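**Q** Input: one structure, supplied below.
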Amino acid sequence: MKAEDLYIKLRETKDTLNVESIRAELARMKESLERLKQSYFKLNEIVEGIVMARKMLTELQEVDRNDRLSERLNRIVIEIKSLYNKKDPDQIVNDISYVHHELMELIKDIEYTSDNVRVNLKNKIEEINKLLKVYARILLQFLEEENVEVMTFTVNSSSIHELSLRKREAEEHLGNIKSITIDKIKKKGLDERALTLMIKLIEDSKIRVNKTNLEDVNRVSKTACGKRNSTGDFVMKSEDIVRSIKEIAERNIKDREKLNTAIEIAYEDIRDGNADFKFTEISESSPPHNACAIDGSRYIVPVQDNIFVIARAVLIRGNDKGNKEIPPEIEQEFKITSNYYDENIVGNKSILLMLQLETSLLDKCKDVNVIMIDGPLIDPPVYYQDSHIDGFPDLEDYTKMRAMKIIEKREKSMVIGISKRFSQRLLVNYFSNRGMKQISKSTENFLLSFLFLKYRMEKEIYNTPLSIGPIEWDLFFQHERKLEDLKSLEDAYQMYREKFQEAGLKLISYYYQKDFSSPIGRIDMLNLKEEEPGKELIYVNRWAVSQVKEITILNKLADDLSNVSKKESERLISLYNLFTMSNMEKEDLILKRLGKSNY
């Protein structure tokens with residue numbers, strides 16, 4: 001054969017074989033084999049996992065017959081069996097991967113459920129042990145029955161089967177000991193009703209029985225069965241208790257029905273545009289900005305004849321240039337002080353000290369567009385006669401300082417107050433003045449929860465951020481009739497109002513909810529009189545996190561980091577004791593060691 005013919009034949013053979021296609025197919029087959037090999041190991045894990053899951057479920061179902069978990073395991077077994085009928089390697093690999101994932105999730109859920117069952121069993125055994133100790137004390141110290149053996153039950157096992165068995169044994173033993181104790185006490189002359197009451201008092205740790213107080217216990221029990229007395233919990237006949245509770249329940253049901261009707265009318269007024277505020281669905285995005293959040297806390301510790309206050313405020317920054325970032329650096333203010341005044345007086349002053357630290361941090365909120373303060377802008381939301389105590393701010397001086405700091409920062413930044421708890425019933429007062437007197441029996445939070453829920457259900461928007469507002473404080477406080485609990489708030493507001501008006505600002509609030517499952521917060525803001533209110537809400541919404549009571553992630557972090565814990569306060573007080581111990585008189589040391597002081 002000529003060379004030219006041979007070359008032509010080879011070219012034709014190459015074209016017929018399509019070598020590249022064969023190489024690709026071989027590579028694909030190699031990959032499939034590798035995946036099948038990995039799936040083989042997963043399949044072994046699945047088999048072992050199914051055996052383990054069955055064993056765990058069998059033990060769990062002795063106490064908690066969880067059909068949902070069993071059904072999930074059965075579905076997994078069916079999926080495994082169906083693999084025998086499948087030919088496509090890729091489908092087999094994908095199905096094994098899916099089943100493996102489902103089984104691992106199931107095992108996690110079984111372990112979680114089993115842990116809860118173990119905790120509940122141990123708690124119930126401990127409760128029984130507590131009662132057994134009570135009866136043991138009665139039998140040994142009062143009845144002097146040394147021949148009755150009372151035992152308690154250990155809870156060290158991690159086996160649900162053993163714990164369940166232990167619980168049943170404990171319940172049976174308690175029943176026997178209780179019967180023996182009742183029979184013994186009956187012989188002491190108590191009638192059955194008094195006896196039942198006395199056992200209840202003993203079990204609830206209201207009284208202790210011993211040889212010296214039997215007559216007193218007997219007399220109290222009999223009196224409690226037949227008389228009323230305003231000084232005790234167990235002084236009414238059972239039929240009197242049932243009747244009184246029934247009357248209260250029926251009255252509350254009627255009041256709630258009237259209240260719900262009034263709130264329905266209030267909702268329709270807002271929805272139909274017949275109120276001074278409205279529902280708003282928040283969809284607008286915030287522009288790039290820098291933000292900061294401020295929160296504080298304080299801890300009060302009585303030490304000897306002194307009251308210590310430890311206060312801290314923290315500032316957290318957040319940057320949003322399209323993606324939210326939270327730099328790790330924080331700013332903080334810290335102060336520890338003390339005084340000899342009554343703990344209640346120092347308690348009020350400690351709140352002012354904490355708020356003063358928070359307010360002073362406003363100076364460190366530089367180059368930011370938005371400042372989010374934890375709590376209302378008018379904080380504290382009350383005004384009262386305030387006496388001077390060294391080491392603490394005075395209310396009047398603090399109020400002036402806070403108003404001026406907020407106004408100063410408002411020149412370049414939005415200043416927002418975020419209240420996660422609010423007792424001031426602004427909307428309740430508004431609708432009460434519109435003839436809906438029954439609403440005055442509602443809390444602000446109950447009214448708002450109803451309004452938000454009603455709107456979401458009607459519009460079917462459960463994940464949409466929503467607000468109610470604007471609430472202009474000047475207009476709200478023009479009403480002649482005010483709820484009693486708003487009068488103190490009005491006094492506090494007047495302390496700020498003059499300063500705000502001089503700066504051309506007005507205080508406005510909105511109620512805000514991130515989504516259906518999130519808490520409701522009140523958002524306070526200061527607007528120029530000609531400004532359209534509410535633009536601050538888009539920044540709150542940008543940093544808001546679902547189901548977080550502090551509303552935004554920045555305020556949540558500030559709250560966590562500012563917290564003064566009990567352990568931290570104990571370390572500081574221990575240091576104080578170390579410094580003072582060497583200077584104590586002998587009498588002081590004796591009192592300290594006798595436990596006359598807290599630390």
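Residues are referred to by chain and number: the chain letter is A, B, ... according to the order shown in the structure tokens, the number counts from 1 in that chain, and ligands are numbered separately from 1 in the order shown.
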Considering only helix (DSSP H, G or I) as DSSP defines it on the backbone, what residues of segment 349-477 of chain A qualify? List them as JSON, numbers by chain.
**A** {"A": [349, 350, 351, 352, 353, 354, 355, 356, 357, 358, 359, 360, 361, 362, 363, 364, 395, 396, 397, 398, 399, 400, 401, 402, 403, 404, 405, 406, 407, 408, 409, 410, 426, 427, 428, 429, 430, 431, 432, 437, 438, 439, 440, 441, 444, 445, 446, 447, 448, 449, 450, 451, 452, 453, 454, 455, 456, 457, 458, 459, 473, 474, 475, 476]}
**Q** For Asp64 of chain A, list every protein, DNA or RNA residue within 10 Å, evaluated using only C-alpha atoms, and leave out those in the same chain fewer than 6 positions away; present the list as a short mmCIF file (atom, residue, chain, number, x, y, z; two decimals) with N, CA, C and O atoms, in the first residue's frame.
**A**
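This is the output file selection.cif:
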```cif
data_model
loop_
_atom_site.label_atom_id
_atom_site.label_comp_id
_atom_site.auth_asym_id
_atom_site.auth_seq_id
_atom_site.Cartn_x
_atom_site.Cartn_y
_atom_site.Cartn_z
N LEU A 57 -35.00 6.03 68.72
CA LEU A 57 -36.45 6.23 68.71
C LEU A 57 -37.17 5.22 69.60
O LEU A 57 -38.15 5.56 70.27
N THR A 58 -36.68 3.99 69.59
CA THR A 58 -37.30 2.96 70.45
C THR A 58 -37.23 3.38 71.91
O THR A 58 -38.22 3.26 72.66
N THR A 113 -34.69 16.15 70.75
CA THR A 113 -35.89 15.74 71.47
C THR A 113 -35.54 14.87 72.67
O THR A 113 -36.11 15.03 73.76
N SER A 114 -34.58 13.97 72.48
CA SER A 114 -34.16 13.09 73.57
C SER A 114 -33.55 13.89 74.72
O SER A 114 -33.81 13.60 75.89
N VAL A 117 -36.32 15.40 76.69
CA VAL A 117 -37.00 14.38 77.48
C VAL A 117 -36.17 14.04 78.72
O VAL A 117 -36.71 13.91 79.83
#
```
**Q** So how many Å separate atom CA of Pro393 of chain A and atom CA of Gly375 of chain A, to one decimal?
**A** 18.7 Å
**Q** What's the 7 Å shell around Glu472 of chain A, counting only C-alpha atoms, without same-chain residues fewer than 5 positions away, as a ChimeraX atom specification?
**A** /A:507-509
**Q** Expressed in Å to a single decimal, how great is the separation between atom CA of Ile468 of chain A and atom CA of Ala403 of chain A?
**A**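 Atom CA of Ala403 of chain A lies 25.6 Å from atom CA of Ile468 of chain A.
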**Q** Considering only strand (DSSP E or B) as DSSP defines it on the backbone, what residues of segment 307-527 of chain A qualify? List them as a count of residues only.
**A** 61
**Q** Could you list, as a list in words, every residue within 6 Å of Ile125 of chain A, counting only C-alpha atoms and ignoring same-chain residues fewer than 3 positions away?
**A**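 My list of contacting residues is Lys122, Ile128 and Lys167 of chain A.
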